[in-house]
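Visitor: One structure, as structure tokens, below. Some questions next.
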Amino acid sequence: MAQDRQIVHVDMDAFYASVEEFDNPGLVGKAVIVGGDPKQRGVVSAASYEARKFGVHSAMPMSQAVRLCPDAIVLPVRMKRYVELSKQIHAIFQKFTPQIEPISLDEAFLDVTGSLRLFGCVEEIGKEIKKQIKEQLGLVASVGIAANKFLAKLASDLDKPDGFVVITEQDKQRVLDPLGVSRIWGVGPVTQKALKSIGIDTIKQLREAPTEILQGIFGDQMAHVLRLAHGADDREVESGREAKSISSEQTFATDITDKDILLDVLLSQVEDVAQRLRLNDLEAKTITLKLRYDDFRTITRSNTFDHPTNVTKTLWRGAREVFLKWHKKSPGALRLLGFGASGLQKTDAGQRQLFPEPEDEKQKRLDKAFDRIRGKFGRDILRRGK
Ligand SMILES: [Mg+2]
């Protein structure tokens, strides 16, 4: 019989906020919010668990966050530092397997099937990763282990923060069955409501429902949803050697319709992605906005530049244009917004423009100055106008 796959999902707890606490131990146990300036329409990028108790969550306008939690310590985003630590976390992963699929700065899937002989069992690997992250970087990760990505990610979320959950093949149905149907990828509030109206709340009820009824709700997605409900998922851990894209996305705790708030969120995402491009000496040819409506319909809208770039202003101009076009045609309440840059190449890989635009050169100098100052004082010490 073929060896079952062993997947580890690692998700750092309140990553940006935890890094700030690590760098400044006086903050530990306090309500820490990382994000933009409340006076400049900034948004929350991360909140410590202490701050979350007050209802603060990421992508919330900062002004609202400080109203909910007036004693919170608000800190600017220090992307350079988070990227640095993310690389160190990645280096720990690499000791255990080359099969790593990073999802974001603070989250990754690892396929450790091929590493078992070297390290013993998968639980040992998961524990060791968690331990090394804690000992070497002072940060807390939640780890989920299972035979596939869907269950591994579910596992890492079941006991957050500081979680360590293993879902075995024998166990999986017992773990899944009592959970709500929203745990299944692709089951959003609208589908959830439709299921509830026919008495289906849990994964067990879903799995046992007559297929004719489910067909009406899920259409051609039914087989996929049922596979997940049985804990089956055959997607591989994709470990491209080079990142194919750099992106930033946020799921909102409550759906957002307000155009200005969405633009604020988008601007902070563009700034983060642009800086990560520059930190990695990369330029992007294509930008993509990911928009998920309140009914979980997800669309992407892209734009391609004539020349690859990592200039914040150029990326922002492109992102804003794509956003406004979308907003004019098909606006709606969003539960997720994301910005990604792809078509990546090394800064000096492509042909340089023969006659660089003076405006472009000026912007590059400006970005450099921004990065330097932000490296020292944090992102929002300087903020561009929209
Ligand atoms: Mg996380």
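Following the order of the structure tokens, chains are lettered A, B, ..., residues in each are numbered from 1, and ligands are numbered from 1.
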Could you pull out the residues sitting within 10 Å of ligand 1, using only C-alpha atoms and all ligand atoms, and write them as number ranges by chain?
Guide: A: 10-16, 46, 104-108, 140-142, 156-157, 160-161
Visitor: May I have all residues of region 240-340 of chain A that DSSP, computed from the backbone, assigns to alpha helix (DSSP H), given as a compact mmCIF listing (two decimals) with N, CA and C atoms, in the first residue's frame?
Guide:
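Result file part-v3.txt:
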# COMPACT_ATOMS: atom_id res chain seq x y z
N LYS A 259 -16.57 52.21 -0.04
CA LYS A 259 -15.50 52.30 -1.04
C LYS A 259 -14.21 52.86 -0.45
N ASP A 260 -14.32 53.88 0.41
CA ASP A 260 -13.10 54.50 0.97
C ASP A 260 -12.36 53.56 1.90
N ILE A 261 -13.10 52.80 2.69
CA ILE A 261 -12.43 51.85 3.59
C ILE A 261 -11.72 50.78 2.75
N LEU A 262 -12.41 50.30 1.70
CA LEU A 262 -11.79 49.28 0.85
C LEU A 262 -10.52 49.82 0.19
N LEU A 263 -10.57 51.09 -0.25
CA LEU A 263 -9.38 51.68 -0.86
C LEU A 263 -8.24 51.81 0.17
N ASP A 264 -8.60 52.12 1.42
CA ASP A 264 -7.57 52.19 2.47
C ASP A 264 -6.90 50.83 2.67
N VAL A 265 -7.74 49.79 2.73
CA VAL A 265 -7.19 48.44 2.89
C VAL A 265 -6.29 48.11 1.71
N LEU A 266 -6.77 48.44 0.51
CA LEU A 266 -6.00 48.13 -0.70
C LEU A 266 -4.66 48.86 -0.71
N LEU A 267 -4.69 50.13 -0.31
CA LEU A 267 -3.43 50.90 -0.30
C LEU A 267 -2.41 50.26 0.65
N SER A 268 -2.88 49.83 1.83
CA SER A 268 -1.90 49.25 2.76
C SER A 268 -1.39 47.92 2.21
N GLN A 269 -2.24 47.19 1.47
CA GLN A 269 -1.77 45.94 0.86
C GLN A 269 -0.74 46.22 -0.24
N VAL A 270 -1.01 47.25 -1.06
CA VAL A 270 -0.09 47.61 -2.14
C VAL A 270 1.27 48.01 -1.54
N GLU A 271 1.23 48.80 -0.47
CA GLU A 271 2.49 49.23 0.16
C GLU A 271 3.28 48.04 0.68
N ASP A 272 2.58 47.08 1.30
CA ASP A 272 3.26 45.89 1.82
C ASP A 272 3.87 45.06 0.71
N VAL A 273 3.07 44.82 -0.33
CA VAL A 273 3.56 43.99 -1.44
C VAL A 273 4.72 44.68 -2.14
N ALA A 274 4.61 45.99 -2.36
CA ALA A 274 5.67 46.73 -3.05
C ALA A 274 6.97 46.65 -2.25
N GLN A 275 6.85 46.78 -0.96
CA GLN A 275 8.07 46.72 -0.15
C GLN A 275 8.66 45.32 -0.14
N ARG A 276 7.80 44.30 -0.12
CA ARG A 276 8.32 42.93 -0.17
C ARG A 276 8.99 42.65 -1.51
N LEU A 277 8.43 43.21 -2.59
CA LEU A 277 9.10 43.07 -3.90
C LEU A 277 10.50 43.66 -3.83
N ARG A 278 10.61 44.87 -3.30
CA ARG A 278 11.91 45.54 -3.24
C ARG A 278 12.88 44.81 -2.33
N LEU A 279 12.38 44.29 -1.20
CA LEU A 279 13.26 43.55 -0.28
C LEU A 279 13.82 42.29 -0.95
N THR A 312 6.04 51.80 -5.75
CA THR A 312 4.76 51.82 -5.04
C THR A 312 3.70 52.63 -5.80
N LYS A 313 4.11 53.80 -6.27
CA LYS A 313 3.13 54.69 -6.90
C LYS A 313 2.54 54.06 -8.16
N THR A 314 3.39 53.41 -8.95
CA THR A 314 2.92 52.76 -10.18
C THR A 314 1.98 51.61 -9.84
N LEU A 315 2.37 50.79 -8.87
CA LEU A 315 1.54 49.66 -8.47
C LEU A 315 0.21 50.15 -7.92
N TRP A 316 0.27 51.21 -7.12
CA TRP A 316 -0.95 51.75 -6.52
C TRP A 316 -1.88 52.33 -7.58
N ARG A 317 -1.29 53.06 -8.55
CA ARG A 317 -2.10 53.62 -9.63
C ARG A 317 -2.83 52.51 -10.38
N GLY A 318 -2.09 51.43 -10.65
CA GLY A 318 -2.69 50.29 -11.35
C GLY A 318 -3.78 49.64 -10.53
N ALA A 319 -3.49 49.43 -9.24
CA ALA A 319 -4.46 48.75 -8.36
C ALA A 319 -5.73 49.57 -8.22
N ARG A 320 -5.53 50.88 -8.07
CA ARG A 320 -6.66 51.78 -7.87
C ARG A 320 -7.57 51.78 -9.11
N GLU A 321 -6.92 51.81 -10.27
CA GLU A 321 -7.67 51.81 -11.53
C GLU A 321 -8.50 50.53 -11.66
N VAL A 322 -7.88 49.39 -11.37
CA VAL A 322 -8.59 48.11 -11.45
C VAL A 322 -9.75 48.11 -10.46
N PHE A 323 -9.49 48.60 -9.26
CA PHE A 323 -10.53 48.63 -8.22
C PHE A 323 -11.71 49.49 -8.66
N LEU A 324 -11.40 50.71 -9.14
CA LEU A 324 -12.49 51.64 -9.49
C LEU A 324 -13.33 51.12 -10.65
N LYS A 325 -12.68 50.43 -11.57
CA LYS A 325 -13.39 49.83 -12.70
C LYS A 325 -14.36 48.75 -12.19
N TRP A 326 -13.83 47.93 -11.27
CA TRP A 326 -14.68 46.89 -10.67
C TRP A 326 -15.84 47.54 -9.93
N HIS A 327 -15.52 48.58 -9.16
CA HIS A 327 -16.52 49.20 -8.31
C HIS A 327 -17.65 49.82 -9.14
N LYS A 328 -17.30 50.34 -10.28
CA LYS A 328 -18.29 50.97 -11.16
C LYS A 328 -19.22 49.91 -11.76
N LYS A 329 -18.63 48.78 -12.13
CA LYS A 329 -19.41 47.75 -12.82
C LYS A 329 -20.17 46.82 -11.89
Visitor: Find the residue from A:Val8, A:Ser86, A:Gly186, A:Asp162 that sits nearest to Val122 (chain A); use only C-alpha atoms when measuring.
Guide: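 Smallest distance to Val122 (chain A) is found for A:Val8.
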Visitor: Grab the CA of Leu158 (chain A) to CA of Lys290 (chain A) distance for me, in Å with one decimal place.
Guide: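 Value for the CA of Leu158 (chain A)-CA of Lys290 (chain A) distance: 26.4 Å.
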Visitor: Just asking: which residues within region 107-346 of chain A are strand (DSSP E) according to DSSP, as a ChimeraX atom specification?
Guide: /A:107-111,141-146,164-166,245-256,282-293,298-309,334-346
Visitor: With a distance cut-off of 8 Å and only C-alpha atoms, select the neighbouring residues of region 54-64 of chain A, excluding the residue or stretch itself and same-chain residues fewer than 2 positions from it, and output the selection as a PyMOL selection string.
Guide: chain A and resi 35-39+41-47+50-52+66-69+250-253+261+265
Visitor: Those residues you just picked out, can you put them in a file as a compact mmCIF listing (two decimals), in the first residue's frame with N, CA and C atoms?
Guide:
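Wrote result_10.txt, looks like this:
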# COMPACT_ATOMS: atom_id res chain seq x y z
N GLY A 35 -0.88 48.52 12.72
CA GLY A 35 -1.59 49.00 11.54
C GLY A 35 -1.38 50.47 11.30
N GLY A 36 -2.26 51.07 10.52
CA GLY A 36 -2.12 52.46 10.10
C GLY A 36 -2.59 53.45 11.16
N ASP A 37 -2.21 54.67 10.96
CA ASP A 37 -2.55 55.76 11.86
C ASP A 37 -4.06 56.02 11.86
N PRO A 38 -4.69 56.04 13.06
CA PRO A 38 -6.14 56.26 13.09
C PRO A 38 -6.54 57.62 12.52
N LYS A 39 -5.63 58.61 12.60
CA LYS A 39 -5.97 59.93 12.09
C LYS A 39 -5.87 60.00 10.57
N ARG A 41 -6.92 57.51 8.42
CA ARG A 41 -7.75 56.46 7.85
C ARG A 41 -7.03 55.14 7.71
N GLY A 42 -6.12 54.87 8.64
CA GLY A 42 -5.39 53.60 8.58
C GLY A 42 -6.29 52.42 8.92
N VAL A 43 -5.83 51.22 8.58
CA VAL A 43 -6.58 50.01 8.93
C VAL A 43 -5.73 49.09 9.79
N VAL A 44 -6.41 48.18 10.51
CA VAL A 44 -5.71 47.23 11.38
C VAL A 44 -5.10 46.12 10.54
N SER A 45 -3.78 45.90 10.71
CA SER A 45 -3.13 44.79 10.02
C SER A 45 -3.10 43.54 10.88
N ALA A 46 -2.97 43.71 12.19
CA ALA A 46 -2.95 42.57 13.11
C ALA A 46 -3.29 43.06 14.51
N ALA A 47 -3.87 42.16 15.30
CA ALA A 47 -4.21 42.50 16.68
C ALA A 47 -3.81 41.35 17.57
N GLU A 50 -5.11 39.73 23.18
CA GLU A 50 -5.65 40.63 24.20
C GLU A 50 -6.56 41.68 23.55
N ALA A 51 -6.11 42.25 22.42
CA ALA A 51 -6.91 43.27 21.73
C ALA A 51 -8.16 42.64 21.10
N ARG A 52 -8.03 41.38 20.65
CA ARG A 52 -9.18 40.72 20.02
C ARG A 52 -10.34 40.55 20.98
N VAL A 66 -9.56 51.72 17.88
CA VAL A 66 -9.16 52.43 19.11
C VAL A 66 -10.39 52.88 19.91
N ARG A 67 -11.55 52.99 19.24
CA ARG A 67 -12.78 53.27 19.98
C ARG A 67 -13.16 52.04 20.81
N LEU A 68 -13.03 50.86 20.21
CA LEU A 68 -13.37 49.62 20.91
C LEU A 68 -12.40 49.34 22.05
N CYS A 69 -11.16 49.72 21.84
CA CYS A 69 -10.11 49.35 22.80
C CYS A 69 -9.20 50.57 23.02
N GLN A 250 -6.88 40.11 3.01
CA GLN A 250 -7.52 40.17 4.31
C GLN A 250 -8.97 39.72 4.23
N THR A 251 -9.35 38.87 5.17
CA THR A 251 -10.75 38.50 5.31
C THR A 251 -11.34 39.39 6.39
N PHE A 252 -12.46 40.00 6.08
CA PHE A 252 -13.06 40.92 7.04
C PHE A 252 -13.98 40.19 8.00
N ALA A 253 -14.01 40.65 9.25
CA ALA A 253 -14.90 40.02 10.23
C ALA A 253 -16.35 40.34 9.89
N ILE A 261 -13.10 52.80 2.69
CA ILE A 261 -12.43 51.85 3.59
C ILE A 261 -11.72 50.78 2.75
N VAL A 265 -7.74 49.79 2.73
CA VAL A 265 -7.19 48.44 2.89
C VAL A 265 -6.29 48.11 1.71
Visitor: Counting only C-alpha atoms, which of A:Ala194, A:Ile89, A:Leu179, A:Ala369 gets nearest to Arg207 (chain A)?
Guide: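 With only C-alpha atoms as the atom set, the closest residue is A:Leu179.
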Visitor: Just checking: using only C-alpha atoms, which residue out of A:Ile213, A:Ala91, A:Met79, A:Ile7 ends up closest to Leu154 (chain A)?
Guide: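 Among the listed residues, the smallest separation from Leu154 (chain A) belongs to A:Ile7.
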Visitor: Distance CA of Asp295 (chain A)-CA of Lys244 (chain A), one decimal place?
Guide: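 So the answer is 28.5 Å.
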Visitor: Out of A:Gly231, A:Gly216, A:Pro210, A:Gly163, which residue has the shortest atom-to-atom distance to Ile184 (chain A) when counting only C-alpha atoms?
Guide: A:Gly231
